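Each remark here refers to the structure printed beneath this line.
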Amino acid sequence: MTQKFRPIVKIFKRTAGLPVVLFFLTGTGSCLVTVNAIAMPGTFTDTSHYYMKHSYDVLKYTLNMDLYHCYQLPFPRTFKATEIIDFRVDSALNEIKLNARSGSLQVDSVQMAATSFSHSTDTLKVFLDRTYQPGETVSVKIYYQHKSVYDNGFYSSGGFVFTDSPPEGARKWFPCWDRPSDKALTDITVKVPLDVRLGSNGRLADSIISADTLYYHWVSRDPMSTYLVTITSKAGFNLNITYWHLLNHPEDSIPARFYFQPGQFPDSMETMVNRLTTFYSQRFGEYPFEKIGFATLNSAFPWGGMENQTMINLMTNGWQEGLISHEFSHQWFGDLITCGTWADVWLNEGFATYCESLWLEHTGGYAAYKNHLDPQADVYLSEKPAWAIYTPSWAIHTPVTNTLYNSALVYDKAACVLHQLRYVLGDSTFFNLLHDYATDTSFMFKNAVTADFVAKACAISGKDLHWFFDEWIYHPYHPVYSNSYEIQDMGAGIWDLKLLLVQTQINTCFFKMPVQILVHFADQSDTVFQVMNDTNNQFFEFSFIRQPTDIVFDPLRNILLKVATTELGIDPKQKDPGFRLYQNEPNPFRNYTTIRYQLSKPASIRISVLDSFGKEVLKPMTRKCESGDYTYQVSVKNLSPGVYYYKMEAGTFNETRKMVIIR
């Protein structure tokens, strides 16, 4: 989904040993030796799979809707419908709860395995004719009608009739279990006037004319989440149909249906979609569905575009390359593989936003790709949403729409995180990861959560990447670098370059990252090399046989999500702050944990425990210490389970680490 307007929402150091890096330049050749400090992997919890559990699994929604009068003045929003819900029982039950917005829907009666119902606010409770056991399949039939209300779910105006359901708006036009984790097939029949063209999910099974009435019958071959179900229609819609030939079976093709208003000319985009389908199929696996569909709507449509499965809706005059490349990539990232909970929505929107840049790279080269990503990073850095990309509570309680779909965070920042992952892994491994993730049968036509993608990234790369996702996905904000360097002539044609990398942010974690350094030399033989910055206040020393003149930190801006300054001149006091704070052990833990810290000089220290909003939740420990190693045991018996932070302060030294309490 692409937002038409950007909502502005303002809401919320590790130090270890000092490595030495020696860089030798001989003639035109070079040799890089890096000694890295040991970094503890990040610790985080992802409970998304737990919240995906449910007492029944919807297999199919069969809808029969009478919309005939909605296309004529005064374009009413009322309609009558019947619905059959087929579901498999997962745990013994004699009733089911469905989502049905009472302000939008009026339920008249229930039949088949249903005996009676109650309907209040957002919940339709259907009482069954007996207790059903796990594994049984049950069908209930519901007679209902949509009220004459404007509910941002069912739209009727100016001859247009369409639905729009994200994140949980399907309940406004048909009773359903309206969570992204329960995918189901659809079978939708709609009664309309003869001059109406109507698109929906899947394939057009048939369209039957009876006098002045047309019955469209759309059937999906593949299951989908309820927010991806749609009907899209207009009296006098134009329709072009082209075909895309499969890569693996070129003799076979799938239809691409383009619905558009008179006076619009999507011809160039039809050609582009053909090329786009080929490109995405090569990158992510062959296009997975039975149809490609696009339609432009009127000004009532609230978004730039919406990625309904096989039937993408676009804003008026939405035949735009960037918009289409975003929405169409959702057919892989969002539709084929759907976020398991709304806490994982970045797996939809961050991926689709990144795919816009990938398409530009394909058509215009790496510079075009980077020129598209850099401004997205700037938007995030300007708005600085104060919560993490992954917010655990969203798996249970869906936030308001402008928070859930915060552009700066789940679109822009998440896309930049994927670029930074590409930088960390290298192109070959990164693109193998995207392809293997999108073609993994554990996820295809199903759901995935953030932990699934993290596990896949670790498996494909052969590396423990939890530290990367811990800092960029599970923590808020970004690093703020305040770096310094100095150059010293050692004589005999040798120059030393000393570099101190310091992160000064106080509202989040330390961000471990590989960083590139550009060194300018007096003879103009500029050189870029890379070091792993895995501790704060990290000191590097390089020796050269040519005279360096200055440096540039991260010259290609591969770490998009950062603020950085680099100045000449290192404060001698900064070369070794004299303090070390280590990860608590055990972690996660239940009631007690031990914090270890080290001092190389006497100091007064303060250790406090904070919640995720930065509020102190325990009485801080203060102590005057001589140099040496120390431990501090923390009792948290009165704290609720969750993510907390502990902070050590000693003069200007200030470092924070995360700890997790479980029960």
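Scheme for the structure tokens: letters A, B, ... for chains in order shown; per-chain residue numbers from 1; ligand numbers from 1 in order shown.
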Item to complete: Identify, with DSSP run on backbone atoms, the residues in range 415-590 of chain A assigned to helix (DSSP H, G or I), and express the list as an MDAnalysis selection string.
Response: chainID A and resid 415:425 427:438 450:461 466:472 572:574
Each range 454-524 of chain A residue no farther than 8 Å from range 378-402 of chain A, nearest pair in Å, only C-alpha atoms, as a tab-separated table:
residue	atom	partner	partner_atom	distance
A:Trp472	CA	A:Ile389	CA	7.8
A:Ile473	CA	A:Ile389	CA	5.1
A:Tyr474	CA	A:Tyr390	CA	5.3
A:His475	CA	A:Ala388	CA	5.0
A:Pro476	CA	A:Ala388	CA	3.9
A:Tyr477	CA	A:Ala386	CA	6.6
May I have the selected residues written with N, CA and C atoms, as a PDB file, in the first residue's frame?
ATOM      1  N   TRP A 472      18.389  -2.461  14.346  1.00  0.00           N
ATOM      2  CA  TRP A 472      17.683  -1.682  13.322  1.00  0.00           C
ATOM      3  C   TRP A 472      16.183  -1.928  13.308  1.00  0.00           C
ATOM      4  N   ILE A 473      15.729  -3.099  13.727  1.00  0.00           N
ATOM      5  CA  ILE A 473      14.303  -3.424  13.682  1.00  0.00           C
ATOM      6  C   ILE A 473      13.667  -3.376  15.070  1.00  0.00           C
ATOM      7  N   TYR A 474      14.369  -3.895  16.076  1.00  0.00           N
ATOM      8  CA  TYR A 474      13.778  -4.022  17.407  1.00  0.00           C
ATOM      9  C   TYR A 474      14.091  -2.831  18.314  1.00  0.00           C
ATOM     10  N   HIS A 475      14.967  -1.956  17.894  1.00  0.00           N
ATOM     11  CA  HIS A 475      15.255  -0.741  18.654  1.00  0.00           C
ATOM     12  C   HIS A 475      14.809   0.483  17.871  1.00  0.00           C
ATOM     13  N   PRO A 476      14.447   1.556  18.557  1.00  0.00           N
ATOM     14  CA  PRO A 476      14.083   2.788  17.858  1.00  0.00           C
ATOM     15  C   PRO A 476      15.322   3.616  17.499  1.00  0.00           C
ATOM     16  N   TYR A 477      15.078   4.644  16.725  1.00  0.00           N
ATOM     17  CA  TYR A 477      16.080   5.656  16.399  1.00  0.00           C
ATOM     18  C   TYR A 477      17.255   5.097  15.595  1.00  0.00           C
TER      19      TYR A 477
END
Fill in: Contact residues around range 653-658 of chain A with only C-alpha atoms at 7 Å, ignoring same-chain residues under 2 positions, as a ChimeraX atom specification
/A:13-14,509,583,644-651,660
Could you write those residues out with C-alpha atoms, as a short mmCIF file (atom, residue, chain, number, x, y, z; two decimals), in the first residue's frame?
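Output (part-v3.cif):
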data_model
loop_
_atom_site.label_atom_id
_atom_site.label_comp_id
_atom_site.auth_asym_id
_atom_site.auth_seq_id
_atom_site.Cartn_x
_atom_site.Cartn_y
_atom_site.Cartn_z
CA LYS A 13 27.20 2.12 24.49
CA ARG A 14 28.71 -0.54 24.40
CA CYS A 509 21.20 1.06 21.77
CA GLN A 583 26.05 -7.56 28.99
CA TYR A 644 14.12 -3.16 29.93
CA TYR A 645 17.40 -1.25 29.79
CA TYR A 646 20.18 -0.66 32.28
CA LYS A 647 22.38 2.41 32.15
CA MET A 648 25.76 3.09 33.71
CA GLU A 649 26.91 6.68 34.25
CA ALA A 650 30.39 7.74 35.36
CA GLY A 651 31.14 11.39 34.81
CA VAL A 660 14.80 -9.10 28.95
#
Shell around range 71-85 of chain A at 7 Å using only C-alpha atoms, local window under 2 positions removed, as an mmCIF file with C-alpha atoms, in the first residue's frame:
data_model
loop_
_atom_site.group_PDB
_atom_site.id
_atom_site.type_symbol
_atom_site.label_atom_id
_atom_site.label_comp_id
_atom_site.auth_asym_id
_atom_site.auth_seq_id
_atom_site.Cartn_x
_atom_site.Cartn_y
_atom_site.Cartn_z
ATOM 1 C CA LYS A 60 -13.370 -20.036 2.337
ATOM 2 C CA TYR A 61 -15.667 -17.008 2.179
ATOM 3 C CA THR A 62 -18.501 -17.301 -0.368
ATOM 4 C CA LEU A 63 -20.210 -13.948 -0.914
ATOM 5 C CA ASN A 64 -23.305 -13.126 -2.948
ATOM 6 C CA MET A 65 -23.842 -9.355 -3.083
ATOM 7 C CA ASP A 66 -26.587 -7.280 -4.691
ATOM 8 C CA LEU A 67 -25.019 -3.923 -5.617
ATOM 9 C CA TYR A 68 -27.350 -3.135 -8.496
ATOM 10 C CA HIS A 69 -28.722 0.174 -7.166
ATOM 11 C CA PHE A 87 -13.958 -23.238 8.540
ATOM 12 C CA SER A 139 -20.215 -24.185 7.333
ATOM 13 C CA VAL A 140 -22.399 -21.317 8.498
ATOM 14 C CA LYS A 141 -24.562 -19.039 6.368
ATOM 15 C CA ILE A 142 -25.142 -15.405 7.250
ATOM 16 C CA TYR A 143 -27.776 -13.041 5.822
ATOM 17 C CA TYR A 144 -26.770 -9.425 6.284
ATOM 18 C CA GLN A 145 -26.937 -5.937 4.824
ATOM 19 C CA HIS A 146 -24.691 -2.912 4.677
ATOM 20 C CA LYS A 147 -26.124 0.227 6.226
ATOM 21 C CA SER A 148 -26.269 3.671 4.632
ATOM 22 C CA VAL A 149 -23.049 4.844 6.288
ATOM 23 C CA TYR A 155 -17.407 3.201 -1.146
ATOM 24 C CA SER A 156 -20.158 4.255 -3.547
ATOM 25 C CA SER A 157 -19.989 7.572 -5.402
ATOM 26 C CA GLY A 158 -20.132 8.902 -8.946
ATOM 27 C CA GLY A 159 -20.717 5.497 -10.510
ATOM 28 C CA PHE A 160 -17.773 3.924 -8.668
ATOM 29 C CA VAL A 161 -18.318 1.110 -6.192
ATOM 30 C CA ALA A 235 -20.282 2.088 -14.708
#
Worksheet item: If we count only C-alpha atoms, what is near Gly305 in chain A at a cut-off of 10 Å, once residues fewer than 5 positions away on the same chain are taken out, given as a list in words?
Response: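 Skipping anything fewer than 5 positions along the chain leaves Met1, Thr2, Gln3, Lys4, Phe294, Ala295, Thr296, Leu297, Ile312, Asn313, Leu314, Met315, Thr316, Gly318, Leu323, Ile324, His326, Glu327 and Phe328 of chain A.
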Fill in: For His54 in chain A: contacts at 12 Å, only C-alpha atoms, fewer than 3 positions along chain excluded, given as a ChimeraX atom specification
/A:49-51,57-58,87-93,96-98,134,177-182
Worksheet item: Please, which residues of range 445-605 of chain A, numbered as in this document, come out strand (DSSP E) from DSSP, as a ChimeraX atom specification?
Response: /A:446-448,480-491,494-501,513-521,527-533,538-544,548-553,563-568,579-581,592-599,603-605
Keeping only C-alpha atoms, write the selected residues as a PDB file, in the first residue's frame.
ATOM      1  CA  LYS A 446       0.926 -18.217   4.127  1.00  0.00           C
ATOM      2  CA  ASN A 447       2.286 -15.801   6.702  1.00  0.00           C
ATOM      3  CA  ALA A 448       5.698 -14.854   8.009  1.00  0.00           C
ATOM      4  CA  VAL A 480      24.624   9.562  16.073  1.00  0.00           C
ATOM      5  CA  TYR A 481      28.365   9.530  15.376  1.00  0.00           C
ATOM      6  CA  SER A 482      30.784  12.093  16.725  1.00  0.00           C
ATOM      7  CA  ASN A 483      34.069  10.847  15.267  1.00  0.00           C
ATOM      8  CA  SER A 484      37.529  12.337  15.386  1.00  0.00           C
ATOM      9  CA  TYR A 485      40.924  11.565  13.908  1.00  0.00           C
ATOM     10  CA  GLU A 486      44.503  12.760  13.920  1.00  0.00           C
ATOM     11  CA  ILE A 487      47.483  12.300  11.592  1.00  0.00           C
ATOM     12  CA  GLN A 488      51.050  12.075  12.892  1.00  0.00           C
ATOM     13  CA  ASP A 489      54.341  12.061  10.942  1.00  0.00           C
ATOM     14  CA  MET A 490      56.379   9.270  12.538  1.00  0.00           C
ATOM     15  CA  GLY A 491      59.473   9.962  10.425  1.00  0.00           C
ATOM     16  CA  ILE A 494      55.790   6.545   7.966  1.00  0.00           C
ATOM     17  CA  TRP A 495      52.545   8.287   8.946  1.00  0.00           C
ATOM     18  CA  ASP A 496      50.111   7.199  11.617  1.00  0.00           C
ATOM     19  CA  LEU A 497      46.372   7.783  11.315  1.00  0.00           C
ATOM     20  CA  LYS A 498      44.400   7.482  14.542  1.00  0.00           C
ATOM     21  CA  LEU A 499      40.615   7.248  14.375  1.00  0.00           C
ATOM     22  CA  LEU A 500      38.091   7.310  17.213  1.00  0.00           C
ATOM     23  CA  LEU A 501      34.517   6.211  16.459  1.00  0.00           C
ATOM     24  CA  MET A 513      28.070  -1.851  11.844  1.00  0.00           C
ATOM     25  CA  PRO A 514      30.871  -2.311   9.334  1.00  0.00           C
ATOM     26  CA  VAL A 515      31.977   1.177   8.334  1.00  0.00           C
ATOM     27  CA  GLN A 516      33.966   2.371   5.367  1.00  0.00           C
ATOM     28  CA  ILE A 517      36.651   5.032   5.668  1.00  0.00           C
ATOM     29  CA  LEU A 518      37.926   7.064   2.727  1.00  0.00           C
ATOM     30  CA  VAL A 519      41.495   8.283   3.208  1.00  0.00           C
ATOM     31  CA  HIS A 520      42.766  11.121   1.053  1.00  0.00           C
ATOM     32  CA  PHE A 521      46.540  11.111   0.435  1.00  0.00           C
ATOM     33  CA  THR A 527      41.777   4.644  -0.677  1.00  0.00           C
ATOM     34  CA  VAL A 528      38.592   3.231   0.864  1.00  0.00           C
ATOM     35  CA  PHE A 529      38.762   0.497   3.467  1.00  0.00           C
ATOM     36  CA  GLN A 530      36.352  -1.057   5.930  1.00  0.00           C
ATOM     37  CA  VAL A 531      36.456  -1.808   9.655  1.00  0.00           C
ATOM     38  CA  MET A 532      33.918  -3.358  11.986  1.00  0.00           C
ATOM     39  CA  ASN A 533      32.710  -0.848  14.542  1.00  0.00           C
ATOM     40  CA  GLN A 538      36.392   2.418  19.485  1.00  0.00           C
ATOM     41  CA  PHE A 539      39.955   3.410  18.692  1.00  0.00           C
ATOM     42  CA  PHE A 540      41.762   2.408  15.489  1.00  0.00           C
ATOM     43  CA  GLU A 541      45.334   3.069  14.468  1.00  0.00           C
ATOM     44  CA  PHE A 542      46.665   2.789  10.912  1.00  0.00           C
ATOM     45  CA  SER A 543      50.198   3.088   9.553  1.00  0.00           C
ATOM     46  CA  PHE A 544      50.908   4.238   5.985  1.00  0.00           C
ATOM     47  CA  PRO A 548      47.289  10.963   4.538  1.00  0.00           C
ATOM     48  CA  THR A 549      45.681  14.399   4.499  1.00  0.00           C
ATOM     49  CA  ASP A 550      42.132  13.803   5.743  1.00  0.00           C
ATOM     50  CA  ILE A 551      39.379  11.182   5.923  1.00  0.00           C
ATOM     51  CA  VAL A 552      35.688  10.787   5.065  1.00  0.00           C
ATOM     52  CA  PHE A 553      33.499   8.561   7.233  1.00  0.00           C
ATOM     53  CA  VAL A 563      23.811  11.383  11.769  1.00  0.00           C
ATOM     54  CA  ALA A 564      27.577  11.814  11.707  1.00  0.00           C
ATOM     55  CA  THR A 565      30.341  14.349  12.127  1.00  0.00           C
ATOM     56  CA  THR A 566      34.065  13.673  11.759  1.00  0.00           C
ATOM     57  CA  GLU A 567      36.555  16.236  13.017  1.00  0.00           C
ATOM     58  CA  LEU A 568      40.314  16.564  13.060  1.00  0.00           C
ATOM     59  CA  PHE A 579      35.111   2.319  31.761  1.00  0.00           C
ATOM     60  CA  ARG A 580      33.543  -0.894  30.437  1.00  0.00           C
ATOM     61  CA  LEU A 581      29.938  -2.064  30.813  1.00  0.00           C
ATOM     62  CA  TYR A 592      17.855 -12.010  39.275  1.00  0.00           C
ATOM     63  CA  THR A 593      20.663 -11.050  36.934  1.00  0.00           C
ATOM     64  CA  THR A 594      24.241  -9.821  37.323  1.00  0.00           C
ATOM     65  CA  ILE A 595      25.705  -6.724  35.703  1.00  0.00           C
ATOM     66  CA  ARG A 596      29.494  -6.605  35.339  1.00  0.00           C
ATOM     67  CA  TYR A 597      31.511  -3.450  34.793  1.00  0.00           C
ATOM     68  CA  GLN A 598      35.191  -2.540  34.740  1.00  0.00           C
ATOM     69  CA  LEU A 599      37.039   0.650  35.743  1.00  0.00           C
ATOM     70  CA  ALA A 603      35.116   6.974  39.711  1.00  0.00           C
ATOM     71  CA  SER A 604      31.661   7.501  41.150  1.00  0.00           C
ATOM     72  CA  ILE A 605      29.214   5.397  39.185  1.00  0.00           C
TER      73      ILE A 605
END
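For Ser600 in chain A, the non-local neighbours within 8 Å, defined as residues at least 6 positions apart in the same chain or in other chains and counting only C-alpha atoms, are Gly578, Phe579, Ser627 and Gly628 of chain A.
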Worksheet item: For Asn201 in chain A, which of A:Arg275, A:Arg221, A:His466, A:Arg422 is the closest residue, counting only C-alpha atoms?
Response: A:Arg221
Worksheet item: For Thr429 in chain A, which residue among A:Gly103, A:Ser200, A:Thr450, A:Ala457 is the nearest when counting only C-alpha atoms?
Response: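 Looking only at the distances to Thr429 in chain A, the closest residue turns out to be A:Ala457.
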Worksheet item: So how far away is CA of Asp452 in chain A from CA of Leu433 in chain A, in Å?
Response: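 We find that CA of Leu433 in chain A and CA of Asp452 in chain A lie 12.1 Å from each other.
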Discussion item. For a quick check of understanding, using only C-alpha atoms, which of A:Thr310, A:Gln133, A:Ser329, A:Ser116 has the smallest distance to Ala438 in chain A?
Written reply: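 Once distances to Ala438 in chain A are computed over only C-alpha atoms, the minimum belongs to A:Ser329.
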Worksheet item: What does the distance from CA of Ser268 in chain A to CA of Trp319 in chain A come to in Å, to one decimal?
Response: 8.7 Å
